[in-house]
Structures are given as structure tokens and as C-alpha cells.
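What follows is start.cif (mmCIF, C-alpha atoms).
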data_model
loop_
_atom_site.label_atom_id
_atom_site.label_comp_id
_atom_site.auth_asym_id
_atom_site.auth_seq_id
_atom_site.Cartn_x
_atom_site.Cartn_y
_atom_site.Cartn_z
CA MET A 17 -13.53 -11.23 -33.95
CA THR A 18 -9.99 -10.76 -35.20
CA LEU A 19 -7.08 -10.36 -32.78
CA GLN A 20 -6.92 -6.63 -33.56
CA GLN A 21 -10.64 -6.17 -32.92
CA THR A 22 -10.31 -8.02 -29.61
CA ALA A 23 -7.30 -5.87 -28.62
CA ASN A 24 -9.30 -2.73 -29.41
CA GLU A 25 -12.27 -4.02 -27.43
CA PHE A 26 -10.20 -4.70 -24.28
CA HIS A 27 -7.87 -1.69 -24.75
CA VAL A 28 -4.72 -3.83 -24.65
CA HIS A 29 -1.83 -4.46 -27.01
CA LEU A 30 -2.17 -7.06 -29.74
CA ASN A 31 0.64 -9.11 -28.14
CA SER A 32 -1.45 -9.49 -24.98
CA ILE A 33 -4.33 -10.97 -26.94
CA ASP A 34 -1.98 -13.39 -28.66
CA ALA A 35 -0.50 -14.46 -25.30
CA TRP A 36 -4.00 -14.96 -23.90
CA ARG A 37 -4.95 -17.10 -26.90
CA GLN A 38 -1.84 -19.25 -26.54
CA ARG A 39 -2.43 -19.77 -22.81
CA TRP A 40 -6.09 -20.64 -23.52
CA ASN A 41 -5.06 -23.24 -26.10
CA LYS A 42 -2.43 -24.73 -23.77
CA GLU A 43 -4.16 -24.63 -20.35
CA GLY A 44 -7.80 -23.78 -20.96
CA LEU A 45 -9.64 -21.44 -18.60
CA MET A 46 -6.96 -21.74 -15.87
CA GLY A 47 -4.39 -20.37 -18.32
CA LEU A 48 -6.12 -16.98 -18.23
CA ASP A 49 -5.49 -16.57 -14.50
CA GLU A 50 -2.51 -14.23 -14.20
CA GLY A 51 -1.81 -15.03 -10.57
CA HIS A 52 -0.35 -12.74 -7.92
CA HIS A 53 1.67 -9.67 -8.90
CA THR A 54 4.24 -8.82 -6.26
CA GLY A 55 4.67 -5.14 -6.99
CA ARG A 56 7.56 -2.97 -5.93
CA LYS A 57 10.06 -4.31 -3.42
CA HIS A 58 10.29 -2.73 0.02
CA LYS A 59 12.71 0.17 0.28
CA TRP A 60 13.66 -0.57 3.89
CA THR A 61 15.33 -3.78 5.06
CA ALA A 62 13.79 -6.00 7.72
CA GLU A 63 16.11 -4.47 10.35
CA GLN A 64 15.02 -0.95 9.46
CA GLN A 65 11.37 -1.98 9.61
CA ALA A 66 12.04 -3.58 13.01
CA ALA A 67 13.43 -0.24 14.23
CA LEU A 68 10.21 1.45 13.08
CA LYS A 69 8.16 -1.21 14.88
CA SER A 70 10.03 -0.87 18.15
CA LEU A 71 9.73 2.92 18.04
CA ALA A 72 5.99 2.69 17.30
CA GLN A 73 5.52 0.25 20.19
CA ALA A 74 7.52 2.42 22.58
CA ASP A 75 6.31 5.90 21.68
CA GLY A 76 3.40 5.61 19.25
CA GLY A 77 2.45 8.72 17.33
CA SER A 78 1.80 9.59 13.73
CA ALA A 79 3.72 8.17 10.79
CA ASN A 80 5.36 11.57 10.23
CA SER A 81 6.51 11.86 13.84
CA LEU A 82 7.93 8.33 13.71
CA LEU A 83 9.78 9.19 10.50
CA ARG A 84 11.24 12.35 12.04
CA THR A 85 12.43 10.45 15.10
CA LEU A 86 14.00 7.70 13.00
CA ALA A 87 15.71 10.25 10.74
CA GLN A 88 17.40 11.78 13.80
CA THR A 89 18.56 8.48 15.27
CA GLU A 90 19.27 6.17 12.32
CA SER A 91 20.59 6.50 8.79
CA LEU A 92 17.58 5.35 6.78
CA PRO A 93 16.71 6.11 3.16
CA ALA A 94 14.09 8.81 2.91
CA ILE A 95 10.57 7.52 2.38
CA SER A 96 7.24 9.27 2.46
CA GLN A 97 4.34 8.84 4.84
CA LYS A 98 2.47 6.37 2.62
CA PRO A 99 5.04 3.53 2.71
CA THR A 100 5.54 4.17 6.42
CA ARG A 101 1.83 3.65 6.95
CA ARG A 102 1.98 0.50 4.81
CA TYR A 103 4.87 -0.87 6.92
CA LEU A 104 2.95 -0.11 10.12
CA HIS A 105 -0.19 -1.72 8.71
CA GLU A 106 1.76 -4.87 7.79
CA MET A 107 3.05 -4.95 11.38
CA HIS A 108 -0.58 -4.87 12.61
CA PHE A 109 -0.61 -1.28 13.84
CA ASN A 110 -3.77 0.68 13.18
CA TYR A 111 -4.56 4.35 12.98
CA LYS A 112 -7.35 5.89 14.93
CA ARG A 113 -8.67 9.28 14.01
CA TYR A 114 -9.43 11.51 16.92
CA ARG A 115 -12.90 13.02 16.68
CA TYR A 116 -13.77 16.42 18.01
CA SER A 117 -17.09 17.76 19.19
CA TRP A 118 -19.25 19.96 16.97
CA PRO A 119 -17.72 23.47 17.43
CA PHE A 120 -14.20 22.21 16.75
CA LYS A 121 -14.80 20.07 13.68
CA LYS A 122 -14.08 22.74 11.09
CA SER A 123 -11.08 24.26 12.82
CA MET A 124 -9.32 21.08 13.91
CA HIS A 125 -7.41 18.85 11.52
CA ARG A 126 -7.52 15.08 11.45
CA LYS A 127 -4.91 13.55 13.74
CA LEU A 128 -3.65 9.99 13.24
CA SER A 129 -1.82 7.95 15.82
CA ALA A 130 -0.12 4.54 15.56
CA ARG A 131 -1.37 2.02 18.07
CA PRO A 132 -0.82 -1.74 18.30
CA HIS A 133 -3.76 -3.66 16.86
CA GLU A 134 -5.59 -5.66 19.53
#
Can I see the file as C-alpha cells?
Amino acid sequence: MTLQQTANEFHVHLNSIDAWRQRWNKEGLMGLDEGHHTGRKHKWTAEQQAALKSLAQADGGSANSLLRTLAQTESLPAISQKPTRRYLHEMHFNYKRYRYSWPFKKSMHRKLSARPHE
């Protein structure tokens, strides 16, 4: 196959195919391993994450309630619930969903609470 046909087959740019070919020629099969991608850097500093951890250990509660409490007490950049959950997960907190008995299932909403992982 030509480089263009290969790029079309894998739905990538032609430059990617050329880079793959060069790495294959230089390093063989190990050259195709792209390694670890770090992703976006954390928005909060280690001190800010430590404040979240201490609040979660002291009070517990949902990610939203922890965010509201921190917003009232500290000057932190605004973040959404998803990165807050990620920070808590990295600190080995887990979320347990409360389950309700049959008549309440449809009317009650899912409730999440931060608890230290045991």
C-alpha cells in the first residue's frame, strides 16, 4: 500500500504514517509504542488538593457539597464536579450510591457521598 492508502485506511494524517514508518525503520516494533500520554495538568495545586482532602476526611459528603464549602472558605479557581471526583479518587476516596427500597426508586435521586477507601 502507498502511504496515502495507509493513512486513509487508519483515518490518520499522512504525516503520522510517515512518522510511524521512520520509527519502525529506526527501532523496529518497539518504535511503534507511543508510551504514556500525560494529558491536561491539574488545575488545583497540591495545597488546594490537600484542603479538599482534609475537608472530605472531616465532613465527607458529595463532590458538590465539598466544592460549595471550599468556595466559601478558600479562594480556589472554579472547577466542576468531574475533576473534583477525579481528585478525590486519586486520594483514595470512593463514592457509594445509596440504594432505596422498591417504592422509592423512581422518586428518589442517586446520592453520592465521599468516604475514605478502606
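Pairwise distance (CA of Glu43 in chain A, CA of Thr22 in chain A) equals 20.0 Å.
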Check the smallest atom-to-atom distance from each of A:Ser70, A:Ser91, A:Gln65, A:Asn31 to Glu106 in chain A using all atoms listed in the file, then report the winner. A:Gln65
For CA of Glu25 in chain A and CA of His53 in chain A, quote the distance in Å rounded to one decimal. 23.9 Å
Kindly give the distance, in Å, that separates CA of Thr89 in chain A and CA of Ala62 in chain A, rounded to a single decimal.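 Computing it gives 17.0 Å between the two atoms.
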Which residues are near Gln21 in chain A? Cut-off 12 Å, all atoms listed in the file, ignore same chain within fewer than 6 positions. Put them as a list in words.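 Once the adjacent positions are removed, what remains is His27, Val28, His29, Leu30 and Ile33 of chain A.
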Once 5 Å is added on each side, what centre and edge lengths in Å to one decimal does the axis-aligned box around all listed atoms of range 27-38 of chain A have, as AutoDock Vina command-line options?
--center_x -3.6 --center_y -10.5 --center_z -26.8 --size_x 18.5 --size_y 27.6 --size_z 15.8
Close residues, Asn80 in chain A itself excluded, 9 Å, all atoms listed in the file, min 5 positions apart in chain, as a PyMOL selection string: chain A and resi 85+96-97+100
Would you list the residues near (10.5, 1.8, 14.1) (no more than 12 Å away, in the coordinates of the file, using all atoms listed in the file) as a PyMOL selection string? chain A and resi 60-87+89-90+92+100-101+103-104+107+109+130
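Residue nearest Pro99 in chain A, chosen from A:Gln38, A:Leu45, A:Phe26, A:Arg56 and counting only C-alpha atoms: A:Arg56.
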